[in-house]
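Novice: Have a peek at input-v6.tsv (TSV, C-alpha atoms).
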chain	number	residue	atom	x	y	z
X	1	MET	CA	-61.86	-9.55	-34.73
X	2	ASN	CA	-62.71	-6.69	-32.38
X	3	ARG	CA	-61.24	-8.68	-29.49
X	4	LYS	CA	-57.94	-9.06	-31.38
X	5	GLY	CA	-57.86	-5.32	-32.12
X	6	GLU	CA	-58.50	-4.41	-28.47
X	7	PHE	CA	-55.86	-6.88	-27.30
X	8	LEU	CA	-53.23	-5.26	-29.53
X	9	VAL	CA	-54.10	-1.68	-28.55
X	10	GLU	CA	-54.10	-2.54	-24.84
X	11	ASN	CA	-50.71	-4.15	-25.07
X	12	ILE	CA	-49.22	-1.27	-27.04
X	13	VAL	CA	-50.54	1.24	-24.51
X	14	PHE	CA	-49.21	-0.93	-21.67
X	15	ILE	CA	-45.70	-1.13	-23.24
X	16	VAL	CA	-45.63	2.60	-24.03
X	17	LEU	CA	-46.62	3.50	-20.46
X	18	ASN	CA	-43.96	1.19	-19.06
X	19	ILE	CA	-41.29	2.72	-21.30
X	20	LEU	CA	-42.41	6.19	-20.22
X	21	TYR	CA	-42.18	5.17	-16.58
X	22	LEU	CA	-38.63	3.81	-17.07
X	23	VAL	CA	-37.54	6.92	-18.98
X	24	ILE	CA	-38.80	9.17	-16.15
X	25	LEU	CA	-36.91	7.08	-13.58
X	26	ILE	CA	-33.68	7.17	-15.61
X	27	LEU	CA	-33.94	10.95	-16.12
X	28	PHE	CA	-34.43	11.35	-12.37
X	29	LEU	CA	-31.30	9.25	-11.70
X	30	LEU	CA	-29.21	11.26	-14.16
X	31	LYS	CA	-30.43	14.57	-12.73
X	32	GLN	CA	-29.54	13.53	-9.17
X	33	GLY	CA	-25.99	12.64	-10.17
X	34	SER	CA	-25.29	15.96	-11.84
X	35	GLY	CA	-26.68	18.22	-9.13
X	36	ALA	CA	-24.76	21.45	-8.51
X	37	ILE	CA	-24.33	20.82	-4.77
X	38	ILE	CA	-22.90	17.34	-5.23
X	39	LEU	CA	-20.49	18.54	-7.92
X	40	GLU	CA	-19.35	21.52	-5.85
X	41	ASP	CA	-18.68	19.29	-2.84
X	42	ALA	CA	-16.81	16.60	-4.77
X	43	TYR	CA	-14.74	18.91	-6.96
X	44	SER	CA	-13.71	21.36	-4.22
X	45	LYS	CA	-12.42	18.47	-2.11
X	46	ASN	CA	-10.67	16.70	-4.98
X	47	ILE	CA	-8.99	19.90	-6.17
X	48	ALA	CA	-7.83	20.65	-2.60
X	49	LEU	CA	-6.26	17.17	-2.43
X	50	LEU	CA	-4.63	17.79	-5.81
X	51	ILE	CA	-3.12	21.02	-4.52
X	52	ASP	CA	-1.93	19.25	-1.35
X	53	SER	CA	-0.04	16.74	-3.47
X	54	ALA	CA	1.43	19.30	-5.86
X	55	LYS	CA	4.99	20.60	-5.87
X	56	PRO	CA	6.46	23.89	-7.16
X	57	THR	CA	6.95	24.17	-10.99
X	58	MET	CA	4.13	21.66	-11.62
X	59	THR	CA	1.37	22.46	-14.11
X	60	ILE	CA	-1.92	20.58	-14.00
X	61	HIS	CA	-4.57	20.46	-16.72
X	62	LEU	CA	-8.00	20.00	-15.13
X	63	ASN	CA	-11.01	18.74	-17.03
X	64	LEU	CA	-14.00	20.64	-15.67
X	65	GLN	CA	-16.36	20.12	-18.59
X	66	ASP	CA	-19.00	18.65	-16.26
X	67	LEU	CA	-18.88	21.83	-14.20
X	68	LYS	CA	-19.05	24.03	-17.27
X	69	THR	CA	-22.32	22.38	-18.34
X	70	VAL	CA	-23.91	23.12	-14.98
X	71	SER	CA	-22.45	26.64	-14.61
X	72	ASP	CA	-23.64	27.62	-18.11
X	73	LYS	CA	-27.14	26.47	-17.17
X	74	ASN	CA	-27.04	28.56	-13.99
X	75	GLY	CA	-25.60	31.65	-15.65
X	76	ILE	CA	-22.19	31.51	-13.95
X	77	SER	CA	-19.16	32.49	-16.03
X	78	PHE	CA	-16.67	29.61	-16.41
X	79	SER	CA	-13.83	31.84	-15.18
X	80	ASP	CA	-15.67	32.13	-11.85
X	81	VAL	CA	-16.18	28.39	-11.38
X	82	LEU	CA	-12.81	27.70	-9.74
X	83	LYS	CA	-11.07	30.19	-7.49
X	84	ILE	CA	-8.12	29.81	-5.15
X	85	ASN	CA	-8.41	32.23	-2.24
X	86	GLY	CA	-5.92	32.07	0.61
X	87	ASN	CA	-5.62	28.36	1.31
X	88	TYR	CA	-9.07	27.48	0.01
X	89	ALA	CA	-10.18	25.84	-3.22
X	90	ILE	CA	-13.59	27.33	-4.06
X	91	ILE	CA	-16.04	25.87	-6.58
X	92	LYS	CA	-19.12	27.93	-7.50
X	93	LEU	CA	-21.79	26.63	-9.86
X	94	SER	CA	-24.80	28.73	-8.96
X	95	GLU	CA	-25.53	32.25	-7.82
X	96	LYS	CA	-26.30	31.33	-4.21
X	97	GLY	CA	-24.14	28.22	-4.14
X	98	GLY	CA	-20.44	27.55	-3.70
X	99	MET	CA	-18.28	25.19	-1.71
X	100	LYS	CA	-14.76	25.69	-0.37
X	101	TYR	CA	-12.23	23.27	1.09
X	102	HIS	CA	-9.00	24.06	2.91
X	103	PHE	CA	-5.63	22.70	1.75
X	104	PHE	CA	-2.48	22.50	3.89
X	105	ASN	CA	0.19	22.84	1.20
X	106	TYR	CA	2.17	26.08	1.58
X	107	ILE	CA	2.41	26.82	-2.14
X	108	ASN	CA	1.47	29.56	-4.57
X	109	VAL	CA	-1.39	28.40	-6.83
X	110	THR	CA	-2.71	30.08	-9.96
X	111	ALA	CA	-5.81	28.73	-11.68
X	112	TYR	CA	-7.33	30.03	-14.92
X	113	PRO	CA	-9.47	28.68	-17.79
X	114	ASP	CA	-7.59	27.27	-20.78
X	115	LYS	CA	-7.99	29.71	-23.71
X	116	ASP	CA	-7.25	27.02	-26.33
X	117	PRO	CA	-10.56	26.28	-28.14
X	118	LYS	CA	-9.57	22.58	-28.28
X	119	TYR	CA	-9.61	22.53	-24.47
X	120	GLU	CA	-12.85	24.31	-23.77
X	121	GLY	CA	-13.99	23.46	-20.25
X	122	PHE	CA	-10.44	22.92	-18.97
X	123	TYR	CA	-8.55	24.79	-16.29
X	124	ILE	CA	-4.80	25.22	-15.98
X	125	MET	CA	-3.26	25.21	-12.51
X	126	THR	CA	0.34	26.31	-12.02
X	127	PHE	CA	2.30	25.98	-8.81
X	128	SER	CA	5.25	27.97	-7.56
X	129	LYS	CA	7.12	28.34	-4.31
X	130	MET	CA	5.59	30.77	-1.85
X	131	LYS	CA	7.74	33.87	-1.41
K	1	MET	CA	-72.30	-19.55	-27.69
K	2	ILE	CA	-72.68	-15.82	-27.99
K	3	LYS	CA	-73.79	-15.62	-24.38
K	4	LYS	CA	-70.78	-17.67	-23.31
K	5	ILE	CA	-68.45	-15.41	-25.29
K	6	ASN	CA	-70.05	-12.36	-23.73
K	7	THR	CA	-69.69	-13.88	-20.28
K	8	LEU	CA	-66.02	-14.71	-20.92
K	9	LYS	CA	-65.47	-11.17	-22.17
K	10	GLY	CA	-67.07	-9.81	-18.97
K	11	ILE	CA	-64.83	-11.91	-16.72
K	12	ASN	CA	-61.69	-10.85	-18.61
K	13	LYS	CA	-62.53	-7.16	-18.19
K	14	LYS	CA	-62.96	-7.49	-14.43
K	15	GLY	CA	-59.73	-9.51	-14.22
K	16	ASP	CA	-57.86	-6.84	-16.20
K	17	LYS	CA	-59.04	-4.05	-13.88
K	18	LEU	CA	-57.94	-6.02	-10.83
K	19	ILE	CA	-54.50	-6.74	-12.32
K	20	SER	CA	-53.98	-3.08	-13.33
K	21	VAL	CA	-54.57	-1.95	-9.73
K	22	TYR	CA	-51.90	-4.36	-8.46
K	23	TRP	CA	-49.60	-3.39	-11.32
K	24	PHE	CA	-49.96	0.30	-10.47
K	25	ALA	CA	-49.19	-0.45	-6.82
K	26	ILE	CA	-46.04	-2.35	-7.82
K	27	LEU	CA	-44.88	0.54	-10.00
K	28	VAL	CA	-45.38	2.99	-7.15
K	29	ILE	CA	-43.48	0.75	-4.70
K	30	VAL	CA	-40.59	0.34	-7.15
K	31	ALA	CA	-40.46	4.09	-7.82
K	32	ILE	CA	-40.45	4.90	-4.09
K	33	GLY	CA	-37.71	2.33	-3.52
K	34	ILE	CA	-35.52	3.77	-6.26
K	35	VAL	CA	-36.01	7.35	-5.03
K	36	LEU	CA	-35.10	6.34	-1.46
K	37	MET	CA	-31.99	4.45	-2.62
K	38	VAL	CA	-30.80	7.34	-4.79
K	39	ASN	CA	-31.37	9.91	-2.05
K	40	THR	CA	-29.53	7.75	0.47
K	41	PHE	CA	-26.60	7.34	-1.91
K	42	TYR	CA	-26.28	10.98	-2.96
K	43	GLY	CA	-27.21	12.26	0.49
K	44	GLU	CA	-24.09	10.68	2.02
K	45	ASN	CA	-21.31	13.12	2.58
K	46	TYR	CA	-18.17	12.77	0.50
K	47	ASP	CA	-15.44	12.09	3.08
K	48	VAL	CA	-11.90	12.59	1.77
K	49	ARG	CA	-10.11	12.86	5.11
K	50	SER	CA	-8.53	9.43	4.87
K	51	GLN	CA	-6.77	10.37	1.63
K	52	GLU	CA	-5.96	13.81	3.02
K	53	ALA	CA	-4.31	12.34	6.15
K	54	GLU	CA	-2.36	9.96	3.92
K	55	ILE	CA	-1.09	12.83	1.74
K	56	LEU	CA	-0.15	14.82	4.84
K	57	ALA	CA	1.81	11.90	6.31
K	58	GLN	CA	3.59	11.31	3.00
K	59	LYS	CA	4.47	14.99	2.66
K	60	VAL	CA	5.98	15.04	6.15
K	61	ALA	CA	7.86	11.80	5.44
K	62	ASP	CA	9.34	13.22	2.22
K	63	CYS	CA	10.31	16.36	4.09
K	64	ILE	CA	12.19	14.41	6.76
K	65	TYR	CA	13.76	11.64	4.70
K	66	PHE	CA	13.98	11.65	0.90
K	67	GLY	CA	16.11	9.67	-1.56
K	68	GLY	CA	17.69	7.66	1.24
K	69	GLU	CA	18.93	10.74	3.10
K	70	PHE	CA	17.78	12.78	6.03
K	71	ASN	CA	16.89	16.41	5.43
K	72	SER	CA	20.11	18.29	6.26
K	73	LEU	CA	18.09	20.82	8.24
K	74	ILE	CA	16.94	18.14	10.72
K	75	VAL	CA	20.19	16.36	11.48
K	76	ASN	CA	23.35	18.23	12.51
K	77	PRO	CA	26.83	17.09	11.37
K	78	GLN	CA	27.30	15.25	14.67
K	79	GLY	CA	24.26	13.09	13.94
K	80	GLY	CA	21.95	14.73	16.49
K	81	PHE	CA	18.60	16.42	15.83
K	82	ARG	CA	18.27	20.18	15.55
K	83	GLU	CA	15.76	21.85	17.83
K	84	ASP	CA	15.28	24.81	15.48
K	85	PHE	CA	13.77	22.44	12.90
K	86	ASN	CA	11.17	21.44	15.46
K	87	ASP	CA	10.35	25.10	16.12
K	88	ASN	CA	9.86	25.84	12.41
K	89	PHE	CA	8.58	22.42	11.43
K	90	LEU	CA	5.62	23.58	9.35
K	91	LYS	CA	7.53	26.24	7.46
K	92	MET	CA	10.45	23.90	6.76
K	93	CYS	CA	8.09	21.29	5.31
K	94	ASN	CA	5.96	23.82	3.37
K	95	LEU	CA	2.84	23.23	5.40
K	96	ASN	CA	0.22	25.76	6.40
K	97	PHE	CA	-2.24	24.70	9.09
K	98	THR	CA	-3.68	28.16	9.72
K	99	ILE	CA	-7.29	29.01	8.88
K	100	GLU	CA	-7.06	32.58	7.65
K	101	GLY	CA	-9.45	35.12	9.08
K	102	GLY	CA	-10.72	32.74	11.74
K	103	LEU	CA	-10.04	32.11	15.41
K	104	GLU	CA	-10.60	28.38	15.14
K	105	ARG	CA	-7.85	25.91	15.89
K	106	PRO	CA	-6.06	24.29	12.97
K	107	PRO	CA	-7.96	21.31	11.48
K	108	TYR	CA	-4.79	19.19	11.40
K	109	TYR	CA	-2.30	17.56	13.75
K	110	VAL	CA	1.03	15.96	12.96
K	111	GLU	CA	3.37	14.16	15.33
K	112	VAL	CA	6.70	12.64	14.31
K	113	GLY	CA	8.68	10.38	16.61
K	114	PHE	CA	12.24	9.20	16.03
K	115	PHE	CA	12.96	5.86	17.74
K	116	PRO	CA	16.63	4.75	17.77
K	117	ASP	CA	17.27	1.17	16.64
K	118	GLY	CA	13.52	0.58	16.34
K	119	ASP	CA	13.04	0.72	20.12
K	120	LEU	CA	9.45	1.93	20.58
K	121	LYS	CA	9.79	2.56	24.30
K	122	LYS	CA	11.15	6.04	24.03
K	123	SER	CA	11.69	8.38	21.14
K	124	SER	CA	14.95	10.32	21.06
K	125	PHE	CA	13.29	13.23	19.26
K	126	THR	CA	9.69	14.31	18.71
K	127	MET	CA	8.20	16.97	16.46
K	128	LEU	CA	4.58	17.99	16.61
K	129	ASP	CA	2.30	20.75	15.42
K	130	GLY	CA	-1.41	21.44	15.04
K	131	ASN	CA	-4.39	20.75	17.29
K	132	LYS	CA	-3.15	18.14	19.79
K	133	ASN	CA	-6.57	17.87	21.48
K	134	TRP	CA	-7.56	15.41	18.77
K	135	LYS	CA	-4.95	12.81	19.63
K	136	PRO	CA	-7.13	10.93	22.19
K	137	ASP	CA	-9.86	10.49	19.54
K	138	CYS	CA	-7.59	8.19	17.57
K	139	SER	CA	-7.93	5.44	20.17
K	140	VAL	CA	-11.77	5.39	20.00
K	141	GLY	CA	-13.28	2.19	18.55
K	142	VAL	CA	-14.33	2.06	14.91
K	143	SER	CA	-18.07	1.81	15.65
K	144	GLN	CA	-18.03	5.08	17.59
K	145	ARG	CA	-15.86	7.01	15.15
K	146	ALA	CA	-18.66	8.31	12.95
K	147	ASN	CA	-18.24	11.99	13.77
K	148	LEU	CA	-14.64	12.04	14.96
K	149	VAL	CA	-11.35	12.92	13.33
K	150	THR	CA	-9.50	10.71	10.87
K	151	CYS	CA	-6.10	9.40	11.97
K	152	LYS	CA	-3.35	7.82	9.89
K	153	GLU	CA	-0.13	6.26	11.09
K	154	LYS	CA	2.92	5.82	8.92
K	155	GLU	CA	6.25	4.32	9.91
K	156	PHE	CA	9.50	3.59	8.14
K	157	PHE	CA	13.18	3.04	8.89
K	158	ALA	CA	15.79	5.69	8.14
K	159	VAL	CA	19.58	5.61	8.31
K	160	THR	CA	21.81	8.58	9.08
K	161	LYS	CA	25.23	9.18	7.52
K	162	SER	CA	26.80	7.78	10.67
K	163	ASP	CA	24.82	4.54	10.12
K	164	SER	CA	22.44	5.10	13.02
K	165	VAL	CA	19.08	3.48	12.31
K	166	TYR	CA	15.87	5.17	13.38
K	167	LEU	CA	12.27	4.02	13.22
K	168	ILE	CA	10.24	7.08	12.27
K	169	LYS	CA	6.57	7.09	13.21
K	170	ILE	CA	4.30	9.74	11.77
K	171	LEU	CA	0.80	10.32	13.13
K	172	SER	CA	-1.35	12.59	10.92
K	173	ILE	CA	-4.83	13.70	11.96
K	174	VAL	CA	-7.40	15.57	9.89
K	175	GLY	CA	-10.41	17.17	11.58
K	176	LYS	CA	-12.81	19.00	9.21
K	177	ILE	CA	-15.73	17.11	10.72
K	178	ASP	CA	-18.45	19.51	9.50
K	179	GLU	CA	-17.29	19.44	5.88
K	180	ASN	CA	-17.03	15.65	5.70
K	181	THR	CA	-19.87	14.24	7.81
K	182	ASN	CA	-23.66	14.75	7.95
Kindly present the structure from the file in structure tokens form.
Specialist:
Amino acid sequence: MNRKGEFLVENIVFIVLNILYLVILILFLLKQGSGAIILEDAYSKNIALLIDSAKPTMTIHLNLQDLKTVSDKNGISFSDVLKINGNYAIIKLSEKGGMKYHFFNYINVTAYPDKDPKYEGFYIMTFSKMK
Amino acid sequence: MIKKINTLKGINKKGDKLISVYWFAILVIVAIGIVLMVNTFYGENYDVRSQEAEILAQKVADCIYFGGEFNSLIVNPQGGFREDFNDNFLKMCNLNFTIEGGLERPPYYVEVGFFPDGDLKKSSFTMLDGNKNWKPDCSVGVSQRANLVTCKEKEFFAVTKSDSVYLIKILSIVGKIDENTN
């Protein structure tokens, strides 16, 4: 009887430890994919390409909810996450971080957070001809 | 019987300890493997220059020839090409290659050749702008291109109002090596 009891407890402990091990690995994988540096790099480049393809009078609605999650964690205001300065698209998700990428389109770009509560975490980008 | 049971119990315990050591080693090896794979994957730089060169070539193409017609600023009424378009090529096509506040050369290069009747021997008109020092890098073999510029070639046929056919070849080059490679 004791042997049966020990067998059950050992197996339960073994399964629980294995599940714990897998959970730790999965959490590590998820954390790596949502790192601030990776997001800054990817988004600054993608937004620069978006601006390169844009034409005057266009308006683009950008979903930056992933960035908002990270910027809120790092104490960065969402209105400071995306900035267009000169011909650079700049993404900043942490105090000492930030990534910028140059775009070649000669166009006037305005980017600001969407104030509509339904679109929290979205940015609006408007394009007009450069004067 | 009891002695035999006790002996069996003893053997099982030793076997379990041996197996748990191997099991622990396997878990460590798997964990190390996963960490290495993830770091290799996320450590790779995100290179968008291929798409960027494609967009640049397309933008130049649309500037020159759109909706089946040449840009009126390129071709004069007699059917010839206007030199002043070449001089203001970037401004006419709404392109800005300048890095503000820096002395570095532009990270782009564009060259457009107009070949009459598809004859590739000599172009009747050429427009170019940007950092032309990168052009030789486009002929380097693929295996050695790891830290070089990205080149894209685009070509299409265009017809003028006087029914002259031109093969237009656009070469677009994007540098930005530091931002896109390790």
Novice: Given all atoms listed in the file, how would the per-residue table for chain K near chain X read, listing every residue at most 7 Å away with its closest atom pair and distance in Å to one decimal, sorted by chain and number, as JSON lines?
Specialist:
{"residue": "K:Tyr46", "atom": "CA", "partner": "X:Ala42", "partner_atom": "CA", "distance": 6.7}
{"residue": "K:Glu52", "atom": "CA", "partner": "X:Leu49", "partner_atom": "CA", "distance": 6.4}
{"residue": "K:Ile55", "atom": "CA", "partner": "X:Ser53", "partner_atom": "CA", "distance": 6.6}
{"residue": "K:Asn94", "atom": "CA", "partner": "X:Tyr106", "partner_atom": "CA", "distance": 4.8}
{"residue": "K:Leu95", "atom": "CA", "partner": "X:Tyr106", "partner_atom": "CA", "distance": 4.8}
{"residue": "K:Asn96", "atom": "CA", "partner": "X:Phe104", "partner_atom": "CA", "distance": 4.9}
{"residue": "K:Phe97", "atom": "CA", "partner": "X:Phe104", "partner_atom": "CA", "distance": 5.7}
Novice: Of the candidates K:Asn71, K:Asn45, K:Asn88, K:Asn76, which one gets nearest to Thr181 in chain K if we count only C-alpha atoms?
Specialist: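 Nearest candidate to Thr181 in chain K out of K:Asn71, K:Asn45, K:Asn88, K:Asn76: K:Asn45.
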Novice: Contacts of Gly113 in chain K at 7 Å or less, counting only C-alpha atoms, minus same-chain residues fewer than 5 places along, as a list in words?
Specialist: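 The residues satisfying every condition are Ser123, Phe125, Thr126, Met127, Ile168, Lys169 and Ile170 of chain K.
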Novice: Hey, can you check how far CA of Leu56 in chain K sits from CA of Lys121 in chain K?
Specialist: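 Atom-to-atom, CA of Leu56 in chain K to CA of Lys121 in chain K, that is 25.1 Å.
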Novice: Could you tell me how far CA of Ile34 in chain K lies from CA of Lys92 in chain X, in Å and to one decimal?
Specialist: 29.2 Å
Novice: Taking into account only C-alpha atoms, which residue in the set X:Leu62, X:Leu20, X:Ala111, X:Ile26 is nearest to Tyr43 in chain X?
Specialist: X:Leu62
Novice: In Å, rounded to a single decimal, give me how far CA of Lys118 in chain X is from CA of Asp80 in chain X.
Specialist: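 For CA of Asp80 in chain X relative to CA of Lys118 in chain X, the distance reads 20.0 Å.
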Novice: Between X:Lys96, X:Ile37, X:Leu8, X:Ile84, single out the one closest to Ile51 in chain X, counting only C-alpha atoms.
Specialist: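 Closest candidate: X:Ile84.
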Novice: Counting only C-alpha atoms, figure out which residue out of X:Ala54, X:Ile90, X:Pro113, X:Gly97 gets nearest to Ala36 in chain X.
Specialist: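 For Ala36 in chain X, the nearest of the given residues is X:Gly97.
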Novice: Excluding Asp163 in chain K and its own-chain neighbours fewer than 2 positions away, which residues fall within 12 Å of it when counting all atoms listed in the file? Please give them as a PyMOL selection string.
Specialist: chain K and resi 68-70+78-79+116-117+157-161+165-166
Novice: Do you know which residues are at most 6 Å from Lys152 in chain K counting all atoms listed in the file, after dropping those on the same chain fewer than 2 positions away, and could you put them as a list in words?
Specialist: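 What passes the distance filter is Ala53, Leu171 and Ser172 of chain K.
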Novice: Kindly indicate which residue among X:Glu120, X:Asp114, X:Glu10, X:Glu95 lies nearest to Lys68 in chain X, using only C-alpha atoms for the distances.
Specialist: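 Result for the nearest residue to Lys68 in chain X: X:Glu120.
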Novice: Could you check the closest approach to Ser77 in chain X for each of X:Asn108, X:Phe7, X:Gly121, X:Ala89 and tell me which residue wins, using all atoms listed in the file?
Specialist: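 Of X:Asn108, X:Phe7, X:Gly121, X:Ala89, the one nearest Ser77 in chain X, counting all atoms listed in the file, is X:Gly121.
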